[in-house]
Amino acid sequence: MSDFRLKVFYSVAKNLSFTKASQELFVSQPAITKHIRELESLYQTRLFNRLGNRISLTESGQVLLEHCERLLDDYRKLEYDMHLLHNEYTGQLRLGASTTIAQYVLPPVLAQYKQKYPKISISLIETNSRNIERALQEHDIELGMVEGVFRLPNLKYEPFLCDELVPVVHVDCPIGKSGEITLDEFKEVPLVLRERGSGTLDAIEMVLAEQHLKLSSLQVQMYLGSTESIKSYLECSPSMGIVSIAAIGRELKNGSFRIVDIAGLQFKRHFCFVSTQGREDEAILHFMRFVQEKFRHGNRGGIWL
């Protein structure tokens, strides 16, 4: 129902590329150009500065983008609410999830949600927690799921699942053969951790701070961009990682990895929904309720069952 030209403009403006907008909307590039020219003719102003192969928004383009975001949001809400009058769930969900949640926690929930509500279109961005918060602020997504450190006052955080981060090593690693090490021993253990900006590293730093420890006082060998990278590294190195228990269930079950307790340290955190204050619509609230219900009945100890 919405003016397709607005969708075209929004895609070009967010990607700053006619080519990427063409690919995203499955429309030819000449058609993209035609729609932009029609808008520029309608409002009698240039919407983009063109410098060779690069484009940027003009002041007029920035004004249109701000209105466009609100209009497209309203159209999505309208579509959802009108179909809901007939008990039909349809529309779009633009989600973002931090890496651990997207890889190990969310897939079975999304599969069940899609099976129950097949007419809901779902897109998911997977990146670290700080990028998810940025995507919310830039209106690229409507709902984020992050590894719960509450950072930004203009965003709303709501816990939906308790998680535990566990120190793990490969089964053949000599570290902690008894199953436990002291805090002093931990300070000398070679570590491989998630990258800056990840919710996992933020949670680890918060727990360490309670013991008056900093990362700089530990033997961190490397920061890696995913839990899978950490697990692969540990298979080839006598080092320790600290990862979500949800990410290591298979390895613990088959005996290829083991948990090493650290006396006096326990890494607990929450997975949280994060949204823009005052912008939640019924489609997002419906999805949040579905997720909460699934974990209330199908989850123990941070591991999906």
# chains A, B, ... in the order shown; residues from 1 in each chain; ligands from 1
>>> residues_around(residues="segment 15-27 of chain A", least_positions_apart="6", cutoff="10 Å", atoms="only C-alpha atoms", output="ChimeraX atom specification")
/A:7-9,33,36,48,53-57
>>> write_last_selection(atoms="N, CA, C and O atoms", output="mmCIF file, in the first residue's frame")
data_model
loop_
_atom_site.group_PDB
_atom_site.id
_atom_site.type_symbol
_atom_site.label_atom_id
_atom_site.label_comp_id
_atom_site.auth_asym_id
_atom_site.auth_seq_id
_atom_site.Cartn_x
_atom_site.Cartn_y
_atom_site.Cartn_z
ATOM 1 N N LYS A 7 10.122 3.380 -0.547
ATOM 2 C CA LYS A 7 10.958 2.213 -0.244
ATOM 3 C C LYS A 7 12.262 2.283 -1.026
ATOM 4 O O LYS A 7 13.331 1.954 -0.508
ATOM 5 N N VAL A 8 12.163 2.705 -2.280
ATOM 6 C CA VAL A 8 13.358 2.842 -3.108
ATOM 7 C C VAL A 8 14.283 3.896 -2.528
ATOM 8 O O VAL A 8 15.495 3.667 -2.357
ATOM 9 N N PHE A 9 13.724 5.064 -2.219
ATOM 10 C CA PHE A 9 14.543 6.132 -1.652
ATOM 11 C C PHE A 9 15.196 5.673 -0.354
ATOM 12 O O PHE A 9 16.385 5.917 -0.120
ATOM 13 N N THR A 33 16.772 4.385 -10.454
ATOM 14 C CA THR A 33 17.079 5.762 -10.857
ATOM 15 C C THR A 33 15.806 6.519 -11.233
ATOM 16 O O THR A 33 15.627 7.692 -10.865
ATOM 17 N N ILE A 36 13.825 7.592 -8.117
ATOM 18 C CA ILE A 36 14.474 8.709 -7.423
ATOM 19 C C ILE A 36 14.237 10.010 -8.187
ATOM 20 O O ILE A 36 13.936 11.058 -7.581
ATOM 21 N N PHE A 48 20.132 13.617 -3.626
ATOM 22 C CA PHE A 48 21.469 13.050 -3.463
ATOM 23 C C PHE A 48 22.500 13.917 -4.171
ATOM 24 O O PHE A 48 22.246 14.459 -5.250
ATOM 25 N N ASN A 53 31.291 7.844 -8.601
ATOM 26 C CA ASN A 53 30.513 6.653 -8.263
ATOM 27 C C ASN A 53 29.959 6.701 -6.834
ATOM 28 O O ASN A 53 29.340 5.745 -6.375
ATOM 29 N N ARG A 54 30.190 7.810 -6.134
ATOM 30 C CA ARG A 54 29.750 7.921 -4.751
ATOM 31 C C ARG A 54 28.592 8.893 -4.650
ATOM 32 O O ARG A 54 28.502 9.866 -5.407
ATOM 33 N N ILE A 55 27.679 8.615 -3.697
ATOM 34 C CA ILE A 55 26.564 9.525 -3.471
ATOM 35 C C ILE A 55 26.461 9.830 -1.980
ATOM 36 O O ILE A 55 26.947 9.062 -1.132
ATOM 37 N N SER A 56 25.827 10.956 -1.666
ATOM 38 C CA SER A 56 25.544 11.323 -0.281
ATOM 39 C C SER A 56 24.220 12.060 -0.270
ATOM 40 O O SER A 56 23.770 12.593 -1.292
ATOM 41 N N LEU A 57 23.581 12.091 0.885
ATOM 42 C CA LEU A 57 22.300 12.774 1.014
ATOM 43 C C LEU A 57 22.490 14.289 1.017
ATOM 44 O O LEU A 57 23.401 14.802 1.664
#
>>> select_by_dssp(residues="segment 187-274 of chain A", states="alpha helix (DSSP H)", output="PyMOL selection string")
chain A and resi 199-210+227-235+249-254
>>> write_last_selection(atoms="C-alpha atoms", output="PDB file, in the first residue's frame")
ATOM      1  CA  GLY A 199      28.484  -8.525  25.026  1.00  0.00           C
ATOM      2  CA  THR A 200      30.485 -11.565  26.123  1.00  0.00           C
ATOM      3  CA  LEU A 201      33.646  -9.556  26.742  1.00  0.00           C
ATOM      4  CA  ASP A 202      31.663  -6.803  28.484  1.00  0.00           C
ATOM      5  CA  ALA A 203      30.134  -9.367  30.858  1.00  0.00           C
ATOM      6  CA  ILE A 204      33.540 -10.903  31.585  1.00  0.00           C
ATOM      7  CA  GLU A 205      35.037  -7.490  32.361  1.00  0.00           C
ATOM      8  CA  MET A 206      32.196  -6.680  34.771  1.00  0.00           C
ATOM      9  CA  VAL A 207      32.728  -9.896  36.753  1.00  0.00           C
ATOM     10  CA  LEU A 208      36.492  -9.373  36.811  1.00  0.00           C
ATOM     11  CA  ALA A 209      36.007  -5.818  38.083  1.00  0.00           C
ATOM     12  CA  GLU A 210      34.162  -7.204  41.109  1.00  0.00           C
ATOM     13  CA  THR A 227      32.724 -18.192  19.565  1.00  0.00           C
ATOM     14  CA  GLU A 228      33.283 -20.704  16.762  1.00  0.00           C
ATOM     15  CA  SER A 229      36.711 -19.177  16.167  1.00  0.00           C
ATOM     16  CA  ILE A 230      37.507 -19.518  19.863  1.00  0.00           C
ATOM     17  CA  LYS A 231      36.482 -23.174  19.886  1.00  0.00           C
ATOM     18  CA  SER A 232      38.591 -23.909  16.807  1.00  0.00           C
ATOM     19  CA  TYR A 233      41.555 -22.130  18.396  1.00  0.00           C
ATOM     20  CA  LEU A 234      41.218 -24.127  21.620  1.00  0.00           C
ATOM     21  CA  GLU A 235      41.340 -27.372  19.663  1.00  0.00           C
ATOM     22  CA  GLY A 249      26.684 -27.970  24.797  1.00  0.00           C
ATOM     23  CA  ARG A 250      27.569 -30.270  21.897  1.00  0.00           C
ATOM     24  CA  GLU A 251      31.272 -30.307  22.770  1.00  0.00           C
ATOM     25  CA  LEU A 252      30.572 -31.010  26.433  1.00  0.00           C
ATOM     26  CA  LYS A 253      28.255 -33.850  25.480  1.00  0.00           C
ATOM     27  CA  ASN A 254      30.754 -35.537  23.147  1.00  0.00           C
TER      28      ASN A 254
END
>>> select_by_dssp(residues="segment 62-154 of chain A", states="strand (DSSP E or B)", output="PDB file with all heavy atoms, in the first residue's frame")
ATOM      1  N   GLY A  91       3.084  -9.403   7.987  1.00  0.00           N
ATOM      2  CA  GLY A  91       3.906  -8.203   8.122  1.00  0.00           C
ATOM      3  C   GLY A  91       5.380  -8.556   8.124  1.00  0.00           C
ATOM      4  O   GLY A  91       5.787  -9.633   7.675  1.00  0.00           O
ATOM      5  N   GLN A  92       6.193  -7.630   8.638  1.00  0.00           N
ATOM      6  CA  GLN A  92       7.646  -7.783   8.632  1.00  0.00           C
ATOM      7  C   GLN A  92       8.203  -7.643  10.042  1.00  0.00           C
ATOM      8  O   GLN A  92       7.707  -6.849  10.835  1.00  0.00           O
ATOM      9  CB  GLN A  92       8.295  -6.708   7.754  1.00  0.00           C
ATOM     10  CG  GLN A  92       7.927  -6.757   6.285  1.00  0.00           C
ATOM     11  CD  GLN A  92       8.646  -5.650   5.525  1.00  0.00           C
ATOM     12  OE1 GLN A  92       9.836  -5.432   5.687  1.00  0.00           O
ATOM     13  NE2 GLN A  92       7.893  -4.945   4.695  1.00  0.00           N
ATOM     14  N   LEU A  93       9.239  -8.428  10.321  1.00  0.00           N
ATOM     15  CA  LEU A  93      10.021  -8.275  11.544  1.00  0.00           C
ATOM     16  C   LEU A  93      11.474  -8.082  11.142  1.00  0.00           C
ATOM     17  O   LEU A  93      12.075  -8.961  10.518  1.00  0.00           O
ATOM     18  CB  LEU A  93       9.904  -9.527  12.432  1.00  0.00           C
ATOM     19  CG  LEU A  93       8.620  -9.739  13.212  1.00  0.00           C
ATOM     20  CD1 LEU A  93       8.699 -11.064  13.965  1.00  0.00           C
ATOM     21  CD2 LEU A  93       8.379  -8.604  14.189  1.00  0.00           C
ATOM     22  N   ARG A  94      12.028  -6.939  11.478  1.00  0.00           N
ATOM     23  CA  ARG A  94      13.455  -6.697  11.222  1.00  0.00           C
ATOM     24  C   ARG A  94      14.190  -6.810  12.557  1.00  0.00           C
ATOM     25  O   ARG A  94      14.075  -5.938  13.409  1.00  0.00           O
ATOM     26  CB  ARG A  94      13.655  -5.324  10.583  1.00  0.00           C
ATOM     27  CG  ARG A  94      13.018  -5.180   9.203  1.00  0.00           C
ATOM     28  CD  ARG A  94      13.358  -3.843   8.580  1.00  0.00           C
ATOM     29  NE  ARG A  94      12.922  -2.744   9.427  1.00  0.00           N
ATOM     30  CZ  ARG A  94      13.393  -1.490   9.341  1.00  0.00           C
ATOM     31  NH1 ARG A  94      14.325  -1.199   8.460  1.00  0.00           N
ATOM     32  NH2 ARG A  94      12.927  -0.549  10.150  1.00  0.00           N
ATOM     33  N   LEU A  95      14.900  -7.905  12.716  1.00  0.00           N
ATOM     34  CA  LEU A  95      15.548  -8.225  13.982  1.00  0.00           C
ATOM     35  C   LEU A  95      17.061  -8.117  13.863  1.00  0.00           C
ATOM     36  O   LEU A  95      17.628  -8.238  12.775  1.00  0.00           O
ATOM     37  CB  LEU A  95      15.193  -9.653  14.412  1.00  0.00           C
ATOM     38  CG  LEU A  95      13.705 -10.021  14.434  1.00  0.00           C
ATOM     39  CD1 LEU A  95      13.554 -11.506  14.746  1.00  0.00           C
ATOM     40  CD2 LEU A  95      12.954  -9.172  15.445  1.00  0.00           C
ATOM     41  N   GLY A  96      17.683  -7.917  14.998  1.00  0.00           N
ATOM     42  CA  GLY A  96      19.139  -7.977  15.082  1.00  0.00           C
ATOM     43  C   GLY A  96      19.513  -8.731  16.340  1.00  0.00           C
ATOM     44  O   GLY A  96      18.868  -8.574  17.380  1.00  0.00           O
ATOM     45  N   ALA A  97      20.527  -9.587  16.264  1.00  0.00           N
ATOM     46  CA  ALA A  97      20.930 -10.360  17.432  1.00  0.00           C
ATOM     47  C   ALA A  97      22.436 -10.427  17.503  1.00  0.00           C
ATOM     48  O   ALA A  97      23.116 -10.559  16.479  1.00  0.00           O
ATOM     49  CB  ALA A  97      20.338 -11.772  17.395  1.00  0.00           C
ATOM     50  N   ILE A 120       4.499 -14.034   8.337  1.00  0.00           N
ATOM     51  CA  ILE A 120       5.386 -13.003   8.875  1.00  0.00           C
ATOM     52  C   ILE A 120       6.738 -13.131   8.186  1.00  0.00           C
ATOM     53  O   ILE A 120       7.355 -14.193   8.187  1.00  0.00           O
ATOM     54  CB  ILE A 120       5.571 -13.153  10.398  1.00  0.00           C
ATOM     55  CG1 ILE A 120       4.237 -12.972  11.126  1.00  0.00           C
ATOM     56  CG2 ILE A 120       6.598 -12.155  10.917  1.00  0.00           C
ATOM     57  CD1 ILE A 120       3.739 -11.565  11.203  1.00  0.00           C
ATOM     58  N   SER A 121       7.196 -12.047   7.585  1.00  0.00           N
ATOM     59  CA  SER A 121       8.515 -12.010   6.937  1.00  0.00           C
ATOM     60  C   SER A 121       9.555 -11.578   7.965  1.00  0.00           C
ATOM     61  O   SER A 121       9.398 -10.538   8.612  1.00  0.00           O
ATOM     62  CB  SER A 121       8.495 -11.033   5.761  1.00  0.00           C
ATOM     63  OG  SER A 121       9.779 -10.866   5.221  1.00  0.00           O
ATOM     64  N   ILE A 122      10.610 -12.387   8.119  1.00  0.00           N
ATOM     65  CA  ILE A 122      11.620 -12.119   9.141  1.00  0.00           C
ATOM     66  C   ILE A 122      12.981 -11.906   8.495  1.00  0.00           C
ATOM     67  O   ILE A 122      13.413 -12.693   7.657  1.00  0.00           O
ATOM     68  CB  ILE A 122      11.714 -13.289  10.147  1.00  0.00           C
ATOM     69  CG1 ILE A 122      10.372 -13.529  10.820  1.00  0.00           C
ATOM     70  CG2 ILE A 122      12.778 -13.006  11.200  1.00  0.00           C
ATOM     71  CD1 ILE A 122      10.343 -14.766  11.695  1.00  0.00           C
ATOM     72  N   SER A 123      13.668 -10.841   8.889  1.00  0.00           N
ATOM     73  CA  SER A 123      15.066 -10.648   8.520  1.00  0.00           C
ATOM     74  C   SER A 123      15.873 -10.516   9.800  1.00  0.00           C
ATOM     75  O   SER A 123      15.388  -9.977  10.794  1.00  0.00           O
ATOM     76  CB  SER A 123      15.243  -9.415   7.630  1.00  0.00           C
ATOM     77  OG  SER A 123      14.880  -8.228   8.332  1.00  0.00           O
ATOM     78  N   LEU A 124      17.096 -11.020   9.784  1.00  0.00           N
ATOM     79  CA  LEU A 124      17.922 -11.029  10.987  1.00  0.00           C
ATOM     80  C   LEU A 124      19.333 -10.558  10.660  1.00  0.00           C
ATOM     81  O   LEU A 124      19.987 -11.117   9.779  1.00  0.00           O
ATOM     82  CB  LEU A 124      17.978 -12.436  11.592  1.00  0.00           C
ATOM     83  CG  LEU A 124      18.903 -12.618  12.803  1.00  0.00           C
ATOM     84  CD1 LEU A 124      18.402 -11.823  13.993  1.00  0.00           C
ATOM     85  CD2 LEU A 124      19.031 -14.103  13.157  1.00  0.00           C
ATOM     86  N   ILE A 125      19.787  -9.544  11.364  1.00  0.00           N
ATOM     87  CA  ILE A 125      21.172  -9.089  11.294  1.00  0.00           C
ATOM     88  C   ILE A 125      21.934  -9.731  12.438  1.00  0.00           C
ATOM     89  O   ILE A 125      21.480  -9.703  13.580  1.00  0.00           O
ATOM     90  CB  ILE A 125      21.260  -7.554  11.414  1.00  0.00           C
ATOM     91  CG1 ILE A 125      20.575  -6.870  10.227  1.00  0.00           C
ATOM     92  CG2 ILE A 125      22.720  -7.095  11.509  1.00  0.00           C
ATOM     93  CD1 ILE A 125      20.471  -5.360  10.391  1.00  0.00           C
ATOM     94  N   GLU A 126      23.090 -10.312  12.155  1.00  0.00           N
ATOM     95  CA  GLU A 126      23.934 -10.906  13.190  1.00  0.00           C
ATOM     96  C   GLU A 126      25.233 -10.117  13.302  1.00  0.00           C
ATOM     97  O   GLU A 126      26.002 -10.021  12.350  1.00  0.00           O
ATOM     98  CB  GLU A 126      24.250 -12.363  12.861  1.00  0.00           C
ATOM     99  CG  GLU A 126      25.212 -13.018  13.831  1.00  0.00           C
ATOM    100  CD  GLU A 126      25.685 -14.386  13.354  1.00  0.00           C
ATOM    101  OE1 GLU A 126      24.912 -15.087  12.666  1.00  0.00           O
ATOM    102  OE2 GLU A 126      26.842 -14.745  13.657  1.00  0.00           O
ATOM    103  N   LEU A 143      13.914  -4.466  16.557  1.00  0.00           N
ATOM    104  CA  LEU A 143      14.157  -5.134  17.832  1.00  0.00           C
ATOM    105  C   LEU A 143      15.522  -5.801  17.804  1.00  0.00           C
ATOM    106  O   LEU A 143      15.890  -6.446  16.825  1.00  0.00           O
ATOM    107  CB  LEU A 143      13.083  -6.200  18.094  1.00  0.00           C
ATOM    108  CG  LEU A 143      13.217  -7.001  19.391  1.00  0.00           C
ATOM    109  CD1 LEU A 143      12.961  -6.106  20.601  1.00  0.00           C
ATOM    110  CD2 LEU A 143      12.267  -8.198  19.403  1.00  0.00           C
ATOM    111  N   GLY A 144      16.265  -5.618  18.888  1.00  0.00           N
ATOM    112  CA  GLY A 144      17.549  -6.281  19.023  1.00  0.00           C
ATOM    113  C   GLY A 144      17.529  -7.265  20.176  1.00  0.00           C
ATOM    114  O   GLY A 144      16.691  -7.170  21.084  1.00  0.00           O
ATOM    115  N   MET A 145      18.457  -8.216  20.137  1.00  0.00           N
ATOM    116  CA  MET A 145      18.667  -9.151  21.233  1.00  0.00           C
ATOM    117  C   MET A 145      20.157  -9.172  21.519  1.00  0.00           C
ATOM    118  O   MET A 145      20.955  -9.530  20.646  1.00  0.00           O
ATOM    119  CB  MET A 145      18.135 -10.533  20.870  1.00  0.00           C
ATOM    120  CG  MET A 145      16.615 -10.632  20.942  1.00  0.00           C
ATOM    121  SD  MET A 145      15.914 -11.933  19.917  1.00  0.00           S
ATOM    122  CE  MET A 145      15.858 -11.082  18.332  1.00  0.00           C
ATOM    123  N   VAL A 146      20.522  -8.752  22.720  1.00  0.00           N
ATOM    124  CA  VAL A 146      21.938  -8.559  23.041  1.00  0.00           C
ATOM    125  C   VAL A 146      22.277  -9.254  24.350  1.00  0.00           C
ATOM    126  O   VAL A 146      21.401  -9.669  25.111  1.00  0.00           O
ATOM    127  CB  VAL A 146      22.300  -7.061  23.129  1.00  0.00           C
ATOM    128  CG1 VAL A 146      22.066  -6.362  21.797  1.00  0.00           C
ATOM    129  CG2 VAL A 146      21.513  -6.375  24.243  1.00  0.00           C
ATOM    130  N   GLU A 147      23.582  -9.311  24.596  1.00  0.00           N
ATOM    131  CA  GLU A 147      24.093  -9.997  25.779  1.00  0.00           C
ATOM    132  C   GLU A 147      24.285  -8.982  26.901  1.00  0.00           C
ATOM    133  O   GLU A 147      25.290  -8.340  27.015  1.00  0.00           O
ATOM    134  CB  GLU A 147      25.396 -10.720  25.406  1.00  0.00           C
ATOM    135  CG  GLU A 147      25.179 -11.775  24.345  1.00  0.00           C
ATOM    136  CD  GLU A 147      26.386 -12.018  23.475  1.00  0.00           C
ATOM    137  OE1 GLU A 147      27.514 -11.840  23.952  1.00  0.00           O
ATOM    138  OE2 GLU A 147      26.201 -12.379  22.295  1.00  0.00           O
TER     139      GLU A 147
END
>>> atom_distance(atom1="atom CA of Val189 of chain A", atom2="atom CA of Gly255 of chain A")
21.5 Å
>>> residues_around(residues="Gly264 of chain A", least_positions_apart="6", cutoff="10 Å", atoms="only C-alpha atoms", output="PDB file with C-alpha atoms, in the first residue's frame")
ATOM      1  CA  ILE A 181      41.915 -23.637  39.481  1.00  0.00           C
ATOM      2  CA  THR A 182      42.543 -20.829  41.925  1.00  0.00           C
ATOM      3  CA  LEU A 183      42.189 -17.150  41.072  1.00  0.00           C
ATOM      4  CA  GLN A 211      37.426  -9.021  41.946  1.00  0.00           C
TER       5      GLN A 211
END
>>> closest_residue(among="A:Glu138, A:Asp3, A:Asp81, A:Asp74", to="Glu282 of chain A", atoms="only C-alpha atoms")
A:Asp81
>>> atom_distance(atom1="atom CA of Leu152 of chain A", atom2="atom CA of Asn128 of chain A")
15.0 Å
>>> closest_residue(among="A:Gln219, A:Ser178, A:Ser41, A:Gln115", to="Asp261 of chain A", atoms="only C-alpha atoms")
A:Ser178
>>> closest_residue(among="A:Leu155, A:Val169, A:Val192, A:Lys294", to="Gly278 of chain A", atoms="only C-alpha atoms")
A:Leu155
>>> residues_around(residues="Asp281 of chain A", least_positions_apart="5", cutoff="9 Å", atoms="only C-alpha atoms", output="MDAnalysis selection string")
chainID A and resid 77 142 286
>>> residues_around(residues="segment 88-90 of chain A", least_positions_apart="4", cutoff="10 Å", atoms="only C-alpha atoms", output="PyMOL selection string")
chain A and resi 76+79-84+116-121+283+286
>>> closest_residue(among="A:Val274, A:Ile101, A:Ala111, A:Val291", to="Glu133 of chain A", atoms="only C-alpha atoms")
A:Val274
>>> closest_residue(among="A:Glu188, A:Ile132, A:Phe257, A:Phe273", to="Val168 of chain A", atoms="only C-alpha atoms")
A:Phe257
>>> atom_distance(atom1="atom CA of Ile245 of chain A", atom2="atom CA of Val166 of chain A")
6.0 Å
>>> residues_around(residues="Tyr104 of chain A", least_positions_apart="2", cutoff="9 Å", atoms="only C-alpha atoms", output="MDAnalysis selection string")
chainID A and resid 99:102 106:108 246:247 303:304
>>> write_last_selection(atoms="C-alpha atoms", output="CSV table (one decimal), in the first residue's frame")
chain,number,residue,atom,x,y,z
A,99,THR,CA,26.5,-13.4,17.7
A,100,THR,CA,26.0,-15.8,20.5
A,101,ILE,CA,22.2,-15.4,20.5
A,102,ALA,CA,21.9,-15.5,16.7
A,106,LEU,CA,17.5,-18.0,18.5
A,107,PRO,CA,17.4,-20.5,15.5
A,108,PRO,CA,15.0,-23.0,17.1
A,246,ALA,CA,24.6,-22.4,25.2
A,247,ALA,CA,27.5,-22.5,22.6
A,303,ILE,CA,20.6,-24.2,27.2
A,304,TRP,CA,17.7,-24.7,24.8
>>> residues_around(residues="Leu193 of chain A", least_positions_apart="6", cutoff="7 Å", atoms="only C-alpha atoms", output="VMD selection string")
chain A and resid 222 to 224 241 to 242
>>> closest_residue(among="A:Arg194, A:Arg50, A:Lys177, A:Arg5", to="His35 of chain A", atoms="only C-alpha atoms")
A:Arg5
